[in-house]
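**Q** Below is the file run-v6.cif, with mmCIF, C-alpha atoms.
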data_final
loop_
_atom_site.label_atom_id
_atom_site.label_comp_id
_atom_site.auth_asym_id
_atom_site.auth_seq_id
_atom_site.Cartn_x
_atom_site.Cartn_y
_atom_site.Cartn_z
CA MET A 242 14.37 -12.37 -14.51
CA THR A 243 11.51 -13.62 -12.38
CA TRP A 244 11.48 -10.32 -10.45
CA PHE A 245 11.11 -8.36 -13.70
CA LYS A 246 8.22 -10.60 -14.81
CA LYS A 247 6.43 -10.07 -11.49
CA LYS A 248 6.91 -6.32 -11.74
CA GLU A 249 5.65 -6.35 -15.32
CA ALA A 250 2.56 -8.34 -14.30
CA LEU A 251 1.91 -5.91 -11.45
CA LEU A 252 2.12 -2.93 -13.80
CA ASP A 253 -0.25 -4.64 -16.25
CA GLU A 254 -2.69 -5.32 -13.39
CA LYS A 255 -2.61 -1.67 -12.27
CA ALA A 256 -3.13 -0.49 -15.84
CA GLY A 257 -6.07 -2.88 -16.16
CA ASP A 258 -7.62 -1.57 -12.92
CA ALA A 259 -7.40 1.96 -14.30
CA LEU A 260 -9.29 0.99 -17.47
CA TRP A 261 -11.70 -1.76 -16.45
CA SER A 262 -14.23 -2.54 -13.71
CA LYS A 263 -15.81 -5.83 -12.73
CA CYS A 264 -19.55 -5.95 -12.07
CA ASN A 265 -20.33 -7.24 -8.58
CA ALA A 266 -23.53 -8.87 -9.83
CA CYS A 267 -22.87 -10.50 -13.21
CA GLN A 268 -19.03 -10.49 -12.99
CA GLU A 269 -18.82 -8.87 -16.42
CA ILE A 270 -15.65 -6.87 -17.16
CA ILE A 271 -16.71 -3.35 -18.20
CA TYR A 272 -14.70 -0.54 -19.77
CA LYS A 273 -14.67 2.27 -17.17
CA LYS A 274 -15.45 4.99 -19.68
CA GLU A 275 -18.55 3.09 -20.78
CA LEU A 276 -19.54 2.63 -17.14
CA GLU A 277 -19.21 6.37 -16.49
CA ARG A 278 -21.31 7.19 -19.56
CA ASN A 279 -23.98 4.85 -18.17
CA LEU A 280 -24.00 6.64 -14.77
CA HIS A 281 -22.14 3.73 -13.15
CA VAL A 282 -24.85 1.22 -13.99
CA CYS A 283 -23.75 -2.10 -15.49
CA PRO A 284 -24.81 -2.14 -19.18
CA LYS A 285 -25.15 -5.93 -19.07
CA CYS A 286 -27.30 -6.56 -15.96
CA SER A 287 -28.25 -3.03 -14.73
CA TYR A 288 -26.43 -3.46 -11.42
CA HIS A 289 -26.12 -0.04 -9.79
CA PHE A 290 -22.55 0.54 -8.63
CA PRO A 291 -22.15 2.62 -5.45
CA ILE A 292 -21.13 6.18 -6.30
CA PRO A 293 -19.57 9.01 -4.24
CA ALA A 294 -21.81 11.74 -2.84
CA GLN A 295 -20.42 14.42 -5.16
CA LYS A 296 -21.10 12.32 -8.24
CA ARG A 297 -24.67 11.66 -7.11
CA LEU A 298 -25.23 15.38 -6.67
CA ALA A 299 -23.91 16.00 -10.18
CA ILE A 300 -26.31 13.40 -11.57
CA VAL A 301 -29.53 14.59 -9.88
CA THR A 302 -29.19 18.38 -9.55
CA ASP A 303 -29.36 21.07 -12.21
CA GLU A 304 -25.95 22.19 -13.42
CA ASP A 305 -24.20 24.66 -11.07
CA SER A 306 -27.29 24.88 -8.85
CA PHE A 307 -25.95 23.10 -5.77
CA GLU A 308 -24.84 25.37 -2.94
CA GLU A 309 -23.26 23.45 -0.06
CA LEU A 310 -24.15 24.39 3.51
CA ASP A 311 -22.54 23.69 6.91
CA ARG A 312 -19.38 22.42 5.24
CA VAL A 313 -17.13 23.17 8.22
CA LEU A 314 -19.01 21.11 10.84
CA SER A 315 -16.54 18.50 12.08
CA PRO A 316 -17.00 15.62 14.58
CA LEU A 317 -15.35 15.39 17.99
CA ASP A 318 -14.39 12.33 20.04
CA PRO A 319 -16.80 12.77 22.98
CA ILE A 320 -16.10 9.45 24.72
CA SER A 321 -12.42 9.02 23.76
CA PHE A 322 -13.31 5.80 21.94
CA ARG A 323 -10.66 3.32 20.93
CA ASP A 324 -10.83 -0.14 19.33
CA LEU A 325 -7.95 -1.24 17.11
CA LYS A 326 -7.43 2.48 16.45
CA ARG A 327 -8.42 5.68 18.19
CA TYR A 328 -11.63 7.20 16.84
CA ALA A 329 -9.78 10.47 16.31
CA ASP A 330 -7.33 8.67 14.01
CA ARG A 331 -10.15 7.00 12.07
CA LEU A 332 -11.78 10.40 11.57
CA HIS A 333 -8.53 11.91 10.32
CA GLU A 334 -7.99 9.05 7.85
CA ALA A 335 -11.56 9.32 6.55
CA GLN A 336 -11.24 13.08 6.13
CA GLN A 337 -7.97 12.68 4.23
CA LYS A 338 -9.47 9.96 2.02
CA THR A 339 -12.71 11.74 1.10
CA GLY A 340 -11.89 15.43 1.49
CA LEU A 341 -15.00 15.77 3.68
CA LYS A 342 -15.40 16.66 7.35
CA ASP A 343 -18.01 13.94 7.88
CA ALA A 344 -20.20 11.41 6.10
CA PHE A 345 -22.97 13.75 4.93
CA ILE A 346 -23.18 16.65 2.47
CA THR A 347 -26.08 19.10 2.62
CA GLY A 348 -27.05 22.01 0.46
CA ARG A 349 -29.61 23.88 -1.59
CA ALA A 350 -30.21 23.04 -5.27
CA THR A 351 -32.79 22.82 -8.00
CA ILE A 352 -33.95 19.70 -9.83
CA HIS A 353 -35.54 20.51 -13.20
CA GLY A 354 -36.11 23.99 -11.84
CA SER A 355 -37.78 22.95 -8.57
CA PRO A 356 -35.85 24.03 -5.45
CA ALA A 357 -35.11 21.66 -2.56
CA MET A 358 -32.74 21.11 0.33
CA ILE A 359 -30.66 18.02 -0.45
CA GLY A 360 -28.59 15.75 1.77
CA VAL A 361 -26.36 12.93 0.49
CA PHE A 362 -24.44 10.30 2.44
CA GLU A 363 -20.83 9.49 1.58
CA PHE A 364 -20.42 5.77 2.28
CA ASN A 365 -16.63 5.99 1.90
CA PHE A 366 -16.53 8.05 5.12
CA LEU A 367 -16.68 5.40 7.88
CA GLY A 368 -19.41 3.48 6.08
CA GLY A 369 -21.72 6.49 5.92
CA SER A 370 -22.33 6.08 9.64
CA LEU A 371 -24.81 8.26 11.50
CA GLY A 372 -23.03 10.38 14.13
CA SER A 373 -23.63 13.67 15.89
CA VAL A 374 -22.51 15.85 12.97
CA VAL A 375 -24.70 13.98 10.48
CA GLY A 376 -27.70 14.37 12.80
CA GLU A 377 -26.98 18.07 13.29
CA LYS A 378 -26.62 18.67 9.54
CA ILE A 379 -29.95 16.94 8.86
CA ALA A 380 -31.66 19.05 11.56
CA ARG A 381 -30.18 22.28 10.13
CA MET A 382 -31.11 21.23 6.62
CA VAL A 383 -34.74 20.73 7.68
CA GLU A 384 -34.78 24.09 9.50
CA LYS A 385 -33.59 25.84 6.33
CA ALA A 386 -36.22 24.00 4.27
CA VAL A 387 -38.92 25.27 6.64
CA ASP A 388 -37.52 28.83 6.52
CA GLU A 389 -37.48 28.82 2.72
CA LYS A 390 -40.76 26.90 2.34
CA ILE A 391 -39.21 24.19 0.16
CA GLY A 392 -38.99 20.41 0.40
CA ALA A 393 -36.13 18.14 1.44
CA ILE A 394 -34.53 15.09 -0.16
CA ILE A 395 -32.12 12.70 1.57
CA PHE A 396 -30.09 10.07 -0.30
CA SER A 397 -29.20 7.38 2.23
CA SER A 398 -26.23 5.03 2.01
CA SER A 399 -25.18 3.93 5.46
CA GLY A 400 -24.20 1.04 7.69
CA GLY A 401 -26.14 2.61 10.58
CA ALA A 402 -25.30 4.47 13.79
CA ARG A 403 -21.64 5.29 14.50
CA MET A 404 -20.63 3.07 17.41
CA GLN A 405 -17.59 5.23 18.22
CA GLU A 406 -19.94 7.92 19.54
CA GLY A 407 -21.94 5.55 21.74
CA ILE A 408 -25.39 6.70 22.89
CA LEU A 409 -24.87 10.08 21.21
CA SER A 410 -25.11 8.42 17.80
CA LEU A 411 -28.36 6.66 18.74
CA MET A 412 -29.83 9.97 19.89
CA GLN A 413 -29.56 11.21 16.29
CA MET A 414 -32.39 8.87 15.31
CA ALA A 415 -34.79 10.76 17.58
CA LYS A 416 -33.30 14.15 16.69
CA THR A 417 -33.69 13.71 12.93
CA SER A 418 -37.17 12.18 13.25
CA ALA A 419 -38.30 15.13 15.39
CA ALA A 420 -36.88 17.59 12.84
CA LEU A 421 -38.76 15.89 9.99
CA SER A 422 -42.02 16.06 11.97
CA ILE A 423 -41.74 19.88 11.76
CA LEU A 424 -41.40 19.61 7.99
CA LYS A 425 -44.55 17.51 7.93
CA LYS A 426 -46.40 20.00 10.16
CA GLU A 427 -45.52 22.75 7.68
CA ARG A 428 -46.90 20.56 4.86
CA LEU A 429 -43.57 20.56 3.04
CA PRO A 430 -42.50 17.40 1.18
CA TYR A 431 -39.76 15.05 2.27
CA ILE A 432 -38.52 12.47 -0.24
CA SER A 433 -36.29 9.64 0.97
CA VAL A 434 -34.08 7.89 -1.59
CA LEU A 435 -32.57 4.60 -0.37
CA THR A 436 -29.42 3.35 -2.06
CA ASP A 437 -27.23 0.30 -1.49
CA PRO A 438 -26.80 -0.26 1.42
CA THR A 439 -29.16 1.49 3.85
CA LEU A 440 -29.05 -0.26 7.21
CA GLY A 441 -29.32 0.13 10.97
CA GLY A 442 -30.38 3.38 12.60
CA VAL A 443 -30.75 5.20 9.27
CA THR A 444 -33.42 2.76 8.11
CA ALA A 445 -34.99 2.84 11.60
CA SER A 446 -35.41 6.62 11.48
CA PHE A 447 -35.41 9.17 8.66
CA GLY A 448 -34.76 6.60 5.94
CA MET A 449 -38.32 5.27 6.21
CA LEU A 450 -40.09 8.53 7.12
CA GLY A 451 -40.41 9.98 3.64
CA ASP A 452 -43.74 11.18 2.28
CA ILE A 453 -42.47 9.26 -0.74
CA ILE A 454 -39.79 6.58 -0.41
CA LEU A 455 -37.76 5.70 -3.51
CA ALA A 456 -35.02 3.11 -3.88
CA GLU A 457 -32.47 2.15 -6.48
CA PRO A 458 -32.76 -1.36 -7.97
CA ARG A 459 -31.45 -4.22 -5.79
CA ALA A 460 -30.49 -1.87 -2.95
CA MET A 461 -30.07 -3.64 0.39
CA ILE A 462 -32.40 -2.01 2.90
CA GLY A 463 -33.00 -3.17 6.45
CA PHE A 464 -32.00 -2.93 10.09
CA ALA A 465 -29.62 -5.79 10.85
CA GLY A 466 -27.92 -7.58 7.97
CA PRO A 467 -29.41 -10.84 6.63
CA ARG A 468 -26.61 -12.96 8.11
CA VAL A 469 -27.29 -11.63 11.62
CA ILE A 470 -31.05 -12.16 11.23
CA LYS A 471 -30.59 -15.70 9.93
CA GLU A 472 -28.31 -16.61 12.83
CA THR A 473 -30.73 -15.03 15.32
CA ILE A 474 -33.96 -16.69 14.16
CA LYS A 475 -32.26 -19.93 13.05
CA ALA A 476 -34.25 -20.06 9.82
CA ASP A 477 -33.65 -19.56 6.12
CA LEU A 478 -34.70 -16.17 4.78
CA PRO A 479 -36.92 -15.63 1.72
CA ALA A 480 -35.21 -15.13 -1.63
CA GLY A 481 -34.23 -11.50 -2.15
CA PHE A 482 -34.88 -10.65 1.49
CA GLN A 483 -34.02 -7.00 2.31
CA ARG A 484 -33.57 -6.06 -1.33
CA ALA A 485 -35.54 -3.12 -2.74
CA GLU A 486 -37.73 -5.39 -4.87
CA TYR A 487 -38.78 -7.42 -1.80
CA LEU A 488 -39.61 -4.25 0.15
CA LEU A 489 -41.65 -2.86 -2.75
CA GLN A 490 -43.61 -6.09 -2.96
CA HIS A 491 -44.38 -5.89 0.77
CA GLY A 492 -45.38 -2.22 0.80
CA MET A 493 -42.32 -0.80 2.58
CA ILE A 494 -41.26 1.55 -0.24
CA ASP A 495 -43.19 3.35 -2.97
CA PHE A 496 -41.10 3.07 -6.13
CA ILE A 497 -37.89 1.58 -7.49
CA ILE A 498 -36.26 4.06 -9.86
CA GLU A 499 -33.28 3.42 -12.13
CA ARG A 500 -30.47 5.93 -11.73
CA ARG A 501 -30.84 7.38 -15.23
CA LYS A 502 -34.50 8.19 -14.49
CA LEU A 503 -34.00 9.47 -10.95
CA LYS A 504 -33.50 13.16 -11.74
CA ALA A 505 -36.59 13.33 -13.96
CA THR A 506 -38.65 11.47 -11.35
CA LEU A 507 -37.55 13.76 -8.51
CA GLY A 508 -38.25 16.85 -10.63
CA LYS A 509 -41.78 15.64 -11.40
CA LEU A 510 -42.46 14.71 -7.77
CA LEU A 511 -41.29 18.09 -6.46
CA ALA A 512 -43.36 19.95 -9.04
CA LEU A 513 -46.40 17.84 -8.12
CA LEU A 514 -45.94 18.15 -4.34
CA TYR A 515 -45.44 21.93 -4.50
CA HIS A 516 -48.83 22.47 -6.16
#
Have the structure of the file written as structure tokens, please.

**A**
Amino acid sequence: MTWFKKKEALLDEKAGDALWSKCNACQEIIYKKELERNLHVCPKCSYHFPIPAQKRLAIVTDEDSFEELDRVLSPLDPISFRDLKRYADRLHEAQQKTGLKDAFITGRATIHGSPAMIGVFEFNFLGGSLGSVVGEKIARMVEKAVDEKIGAIIFSSSGGARMQEGILSLMQMAKTSAALSILKKERLPYISVLTDPTLGGVTASFGMLGDIILAEPRAMIGFAGPRVIKETIKADLPAGFQRAEYLLQHGMIDFIIERRKLKATLGKLLALLYH
């Protein structure tokens, strides 16, 4: 009898998970359909839930305008890295889980009629880490933007450089920064959108190089995490340290934009920067 009760409770729990979500900020239980209608923003406290790359593209681009590029680029295991698992196995698992070859999607799209090259990180793929393929896709994306005389937008959501690729992952910081300097030389706009979290080598390179830098509310943005910094300097950190609001207050970003207003804002910025 007890076994049947446990099984029943487990089924109820699974059914509940399929229908309801719990807000990470206010702990409110939210009906999933309502959350989806609200673009995965908590209706009680406006906490912005992390969303997959494909969903973000659907939210910010004009319908049926996104054309993916360099879809087949796939990472290798250049230093035969192994920790608890082989890097090759981790890649395979991430590819099976997300349906992507790597942690970054690039393509061409329009936003309220204005064309742009767009890149979006997928955090569910090894924490959105910056590896050789991500760096290459950003460089190619910028080259295409220059060829077509249009701007570029990158939505960052990353834990930083991919340690499994060693120094090759760190080299992507210089590679992507150099690529963006060409965009700047051609006087084409680059808009950086920072989402929760944006950390490590992504923040230290292209994340903070935008002509305009936007962020979603309460996004964590920084290099090392606050726990590491606190342990290193042996001091308490200011309230809200490394959150988007703190960075805005200290001049590190330009605007904080709610998700429901992001598409309209990007459309206006592109139209303004093109003229």

**Q** Residues picked by the PyMOL selection byres ((chain A and resi 404) around 10) here, as a PyMOL selection string?

**A** chain A and resi 322+328+370-372+401-403+405-411

**Q** Considering all atoms listed in the file, state which residue in the set A:Gly376, A:Ile391, A:Glu309, A:Ala456 is at the smallest distance from Ala419 in chain A.

**A** A:Gly376

**Q** Would you kindly return, as a list in words, each protein, DNA or RNA residue with an atom no farther than 12 Å from any atom of Lys263 in chain A, considering all atoms listed in the file and excluding same-chain residues fewer than 4 positions away?

**A**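 Non-adjacent residues within range: Gly257, Asp258, Ala259, Cys267, Gln268, Glu269, Ile270, Ile271, Tyr272, Lys273, Leu276, His281, Val282, Cys283, Pro284, Lys285, Cys286, Tyr288 and Phe290 of chain A.
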
**Q** Would you put the residues from that selection into a file with C-alpha atoms, as a PDB file, in the coordinates of the input?

**A**
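Everything below was put into part27.pdb:
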ATOM      1  CA  GLY A 257      -6.070  -2.880 -16.160  1.00  0.00           C
ATOM      2  CA  ASP A 258      -7.620  -1.570 -12.920  1.00  0.00           C
ATOM      3  CA  ALA A 259      -7.400   1.960 -14.300  1.00  0.00           C
ATOM      4  CA  CYS A 267     -22.870 -10.500 -13.210  1.00  0.00           C
ATOM      5  CA  GLN A 268     -19.030 -10.490 -12.990  1.00  0.00           C
ATOM      6  CA  GLU A 269     -18.820  -8.870 -16.420  1.00  0.00           C
ATOM      7  CA  ILE A 270     -15.650  -6.870 -17.160  1.00  0.00           C
ATOM      8  CA  ILE A 271     -16.710  -3.350 -18.200  1.00  0.00           C
ATOM      9  CA  TYR A 272     -14.700  -0.540 -19.770  1.00  0.00           C
ATOM     10  CA  LYS A 273     -14.670   2.270 -17.170  1.00  0.00           C
ATOM     11  CA  LEU A 276     -19.540   2.630 -17.140  1.00  0.00           C
ATOM     12  CA  HIS A 281     -22.140   3.730 -13.150  1.00  0.00           C
ATOM     13  CA  VAL A 282     -24.850   1.220 -13.990  1.00  0.00           C
ATOM     14  CA  CYS A 283     -23.750  -2.100 -15.490  1.00  0.00           C
ATOM     15  CA  PRO A 284     -24.810  -2.140 -19.180  1.00  0.00           C
ATOM     16  CA  LYS A 285     -25.150  -5.930 -19.070  1.00  0.00           C
ATOM     17  CA  CYS A 286     -27.300  -6.560 -15.960  1.00  0.00           C
ATOM     18  CA  TYR A 288     -26.430  -3.460 -11.420  1.00  0.00           C
ATOM     19  CA  PHE A 290     -22.550   0.540  -8.630  1.00  0.00           C
TER      20      PHE A 290
END

**Q** Given 8 Å of margin on each side, can you work out the centre and size in Å (one decimal) of an axis-aligned box holding every listed atom of range 315-318 of chain A, as JSON?

**A**
{"center_x": -15.7, "center_y": 15.4, "center_z": 16.1, "size_x": 18.6, "size_y": 22.2, "size_z": 24.0}

**Q** For the atom pair CA of Ala357 in chain A and CA of Ile432 in chain A, what is the interatomic distance in Å to one decimal place?

**A**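 Taking CA of Ala357 in chain A as the start and CA of Ile432 in chain A as the end point, the length is 10.1 Å.
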
**Q** Which residues, named as in the file, does the PyMOL selection byres ((chain A and resi 339) around 12) pick out? Answer as number ranges by chain.

**A** A: 293-295, 332-338, 340-346, 362-369
